[in-house]
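Comments concern the structure below.
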Amino acid sequence: MKLVIAMIQDQDANKLLGILSEHGYSATKLASTGGFLRQGNTTLLIGVEDQRVHELMELIKETSKSRKQLVTPLASVGRSLNNYMTEPVEVTVGGATVFVVAVEDFAKV
Amino acid sequence: MKLVIAMIQDQDANKLLGILSEHGYSATKLASTGGFLRQGNTTLLIGVEDQRVHELMELIKETSKSRKQLVTPLASVGRSLNNYMTEPVEVTVGGATVFVVAVEDFAKV
Amino acid sequence: MKLVIAMIQDQDANKLLGILSEHGYSATKLASTGGFLRQGNTTLLIGVEDQRVHELMELIKETSKSRKQLVTPLASVGRSLNNYMTEPVEVTVGGATVFVVAVEDFAKV
Ligand code: NI
Ligand code: NI
Ligand code: NI
């Protein structure tokens, strides 16, 4: 058995927890903050049988990986939209860091 | 040395922390929520010498294991107790998931 | 690769996080409470290459170790300072407990 420790962004947490549940994984969610400026991430602890580690890693990567997203900024307050057109900008969202650790003993009671 | 990671229900946390303290264990308590609907559990991190892992596992199991409990529901508001007698119902409380991980190096300063 | 799990006192957390960042380490901060009365500590999870574990341990120890500090208590309310002179008292602050665990697999996406 392995213990998978996954740090993901808050915005991806509910979607990933739903996908993990559908695939039969049980996760514990810890409140965490990312290192150095990156606020509001989530750390998940997931116990998993050895033969399912690969599948679990794939599910985490697909759901939580860093990707580009187009965001349209709001026009500044007090400026006319005629004078100040906003255009979508590309931002990076998501991202996951995952550690796999060997479990020597396990109990569920 | 081992690191024991125990997920237990909130309602069992104070009792278990007291019992661990009496037996000389030092535990760090992390705020956590259980996977998928089960709200309000507690994750404990406990460093322990190899020869005491068995005792520690027994203490966690005895204190935190899943068990049946009789609960008497409150009568519905606005109904007379003459018409609507409540009877105790059996609910499941507690439960623990425990992982034991090898520690390669340890320091206390 | 190793996963370093460090429990430190809240008062040392920001300084240590700054020093870790300067030295190129990325840390995840978990909200935690110390075992048994010691309130308000912080648990850090830090992934680190094998050859840097020693340096990381030294940084944690230097920044967070238990040490004496002189604190001047406030005079009791309602007593004259003429009658009740306060003198600095020595208190113990800080302290760290650190576990190093082997990482079998690692991904950052
Ligand atoms: Ni699927
Ligand atoms: Ni006993
Ligand atoms: Ni330096």
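Identifiers in this document derive from the order of the structure tokens: chains are assigned A, B, ..., residues are numbered from 1 separately in each chain, and ligands are numbered from 1 in order of occurrence.
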
### Message
Using only C-alpha atoms and all ligand atoms, which residues have at least one atom no more than 12 Å from ligand 2? Output them as a PyMOL selection string.
### Response
chain B and resi 16+18-25+55-56+58-60+62-63

#### Entry: Interface, chain A side, toward chain C (8 Å; only C-alpha atoms) as a PyMOL selection string
chain A and resi 7+30-36+61+64-66+95-102

Output for the residues just chosen: all heavy atoms as a CSV table (one decimal), in the first residue's frame:
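Everything below was put into again.csv:
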```csv
chain,number,residue,atom,x,y,z
A,7,MET,N,-0.7,18.0,-3.4
A,7,MET,CA,-1.0,19.4,-3.2
A,7,MET,C,-1.6,20.0,-4.4
A,7,MET,O,-0.9,19.9,-5.5
A,7,MET,CB,0.3,20.2,-2.8
A,7,MET,CG,0.8,20.0,-1.4
A,7,MET,SD,1.9,18.5,-1.5
A,7,MET,CE,2.8,18.7,0.1
A,30,LEU,N,-6.7,18.2,3.9
A,30,LEU,CA,-6.1,19.1,4.9
A,30,LEU,C,-6.2,20.5,4.4
A,30,LEU,O,-5.9,20.8,3.3
A,30,LEU,CB,-4.7,18.7,5.1
A,30,LEU,CG,-4.4,17.2,5.5
A,30,LEU,CD1,-2.9,17.0,5.6
A,30,LEU,CD2,-5.1,16.8,6.8
A,31,ALA,N,-6.4,21.4,5.4
A,31,ALA,CA,-6.3,22.9,5.0
A,31,ALA,C,-4.9,23.2,5.0
A,31,ALA,O,-4.1,22.9,5.9
A,31,ALA,CB,-7.0,23.7,6.1
A,32,SER,N,-4.5,23.9,3.9
A,32,SER,CA,-3.1,24.2,3.7
A,32,SER,C,-3.0,25.5,2.9
A,32,SER,O,-3.9,26.0,2.3
A,32,SER,CB,-2.3,23.1,3.0
A,32,SER,OG,-2.9,22.8,1.7
A,33,THR,N,-1.8,26.1,3.0
A,33,THR,CA,-1.5,27.3,2.1
A,33,THR,C,-0.2,27.0,1.4
A,33,THR,O,0.7,26.3,2.0
A,33,THR,CB,-1.4,28.6,2.9
A,33,THR,OG1,-0.5,28.4,4.0
A,33,THR,CG2,-2.7,29.1,3.4
A,34,GLY,N,-0.1,27.4,0.2
A,34,GLY,CA,1.0,27.1,-0.6
A,34,GLY,C,2.2,27.8,-0.1
A,34,GLY,O,2.1,28.8,0.6
A,35,GLY,N,3.4,27.4,-0.5
A,35,GLY,CA,4.6,28.0,-0.1
A,35,GLY,C,4.7,29.4,-0.8
A,35,GLY,O,4.6,29.4,-2.0
A,36,PHE,N,4.9,30.5,0.0
A,36,PHE,CA,5.3,31.7,-0.6
A,36,PHE,C,4.4,32.3,-1.6
A,36,PHE,O,4.6,32.1,-2.8
A,36,PHE,CB,6.7,31.5,-1.2
A,36,PHE,CG,7.5,30.5,-0.5
A,36,PHE,CD1,8.0,29.3,-1.1
A,36,PHE,CD2,7.7,30.6,0.9
A,36,PHE,CE1,8.7,28.4,-0.4
A,36,PHE,CE2,8.5,29.7,1.6
A,36,PHE,CZ,8.9,28.5,0.9
A,61,LYS,N,-3.2,14.2,-12.2
A,61,LYS,CA,-2.6,15.0,-13.2
A,61,LYS,C,-3.6,15.6,-14.2
A,61,LYS,O,-3.6,16.8,-14.5
A,61,LYS,CB,-1.6,14.2,-14.0
A,61,LYS,CG,-0.3,13.8,-13.2
A,61,LYS,CD,0.6,13.0,-14.0
A,61,LYS,CE,1.8,12.4,-13.2
A,61,LYS,NZ,2.6,11.5,-14.1
A,64,SER,N,-5.9,18.3,-12.3
A,64,SER,CA,-5.3,19.4,-11.5
A,64,SER,C,-4.1,20.0,-12.2
A,64,SER,O,-3.5,20.9,-11.6
A,64,SER,CB,-4.9,18.9,-10.1
A,64,SER,OG,-5.9,18.1,-9.6
A,65,LYS,N,-3.7,19.6,-13.4
A,65,LYS,CA,-2.4,20.1,-13.9
A,65,LYS,C,-2.5,21.6,-14.2
A,65,LYS,O,-3.6,22.2,-14.4
A,65,LYS,CB,-2.0,19.3,-15.1
A,65,LYS,CG,-2.9,19.5,-16.3
A,65,LYS,CD,-2.2,18.9,-17.6
A,65,LYS,CE,-3.1,19.0,-18.8
A,65,LYS,NZ,-4.0,17.9,-18.9
A,66,SER,N,-1.4,22.2,-14.2
A,66,SER,CA,-1.2,23.6,-14.6
A,66,SER,C,-1.6,23.8,-16.0
A,66,SER,O,-1.2,23.1,-16.9
A,66,SER,CB,0.2,24.0,-14.3
A,66,SER,OG,0.5,25.3,-14.8
A,95,GLY,N,-2.3,23.2,-11.2
A,95,GLY,CA,-1.0,22.8,-10.8
A,95,GLY,C,-1.0,21.8,-9.6
A,95,GLY,O,-1.8,22.1,-8.7
A,96,ALA,N,-0.3,20.8,-9.7
A,96,ALA,CA,-0.3,19.8,-8.6
A,96,ALA,C,1.1,19.3,-8.4
A,96,ALA,O,2.0,19.2,-9.3
A,96,ALA,CB,-1.1,18.6,-9.0
A,97,THR,N,1.4,19.1,-7.1
A,97,THR,CA,2.7,18.4,-6.6
A,97,THR,C,2.3,17.2,-5.9
A,97,THR,O,1.5,17.2,-5.0
A,97,THR,CB,3.5,19.4,-5.7
A,97,THR,OG1,3.7,20.6,-6.4
A,97,THR,CG2,4.8,18.7,-5.3
A,98,VAL,N,2.8,16.0,-6.3
A,98,VAL,CA,2.4,14.7,-5.7
A,98,VAL,C,3.6,13.9,-5.3
A,98,VAL,O,4.6,13.8,-6.0
A,98,VAL,CB,1.6,13.9,-6.8
A,98,VAL,CG1,0.9,12.7,-6.1
A,98,VAL,CG2,0.6,14.8,-7.5
A,99,PHE,N,3.5,13.5,-4.0
A,99,PHE,CA,4.5,12.6,-3.4
A,99,PHE,C,3.9,11.2,-3.2
A,99,PHE,O,2.7,11.1,-2.7
A,99,PHE,CB,5.0,13.1,-2.1
A,99,PHE,CG,5.6,14.5,-2.2
A,99,PHE,CD1,4.9,15.6,-1.9
A,99,PHE,CD2,7.0,14.6,-2.5
A,99,PHE,CE1,5.5,16.9,-2.0
A,99,PHE,CE2,7.6,15.9,-2.6
A,99,PHE,CZ,6.8,17.0,-2.3
A,100,VAL,N,4.6,10.1,-3.5
A,100,VAL,CA,4.2,8.8,-3.1
A,100,VAL,C,5.1,8.2,-2.1
A,100,VAL,O,6.3,8.2,-2.3
A,100,VAL,CB,4.1,7.9,-4.4
A,100,VAL,CG1,3.6,6.5,-4.0
A,100,VAL,CG2,3.3,8.5,-5.5
A,101,VAL,N,4.5,7.7,-1.0
A,101,VAL,CA,5.3,7.2,0.1
A,101,VAL,C,4.9,5.8,0.4
A,101,VAL,O,3.7,5.5,0.3
A,101,VAL,CB,5.1,8.1,1.4
A,101,VAL,CG1,5.6,7.5,2.6
A,101,VAL,CG2,5.7,9.5,1.1
A,102,ALA,N,5.8,4.9,0.8
A,102,ALA,CA,5.5,3.5,1.1
A,102,ALA,C,4.8,3.5,2.5
A,102,ALA,O,5.2,4.1,3.4
A,102,ALA,CB,6.7,2.7,1.1
```

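All residues within chain C that the backbone DSSP calculation assigns to alpha helix (DSSP H) are C:Asp10, C:Gln11, C:Asp12, C:Ala13, C:Asn14, C:Lys15, C:Leu16, C:Leu17, C:Gly18, C:Ile19, C:Leu20, C:Ser21, C:Glu22, C:Val53, C:His54, C:Glu55, C:Leu56, C:Met57, C:Glu58, C:Leu59, C:Ile60, C:Lys61, C:Glu62, C:Thr63, C:Ser64.
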
### Message
With DSSP run on the backbone, what are the strand (DSSP E or B) residues within chain C? I'd like them as a PyMOL selection string.
### Response
chain C and resi 2-9+27-33+41-48+67-71+89-93+96-102+105-108

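Relative to atom CA of Thr86 of chain C, atom CA of Thr72 of chain C is found at 6.8 Å.
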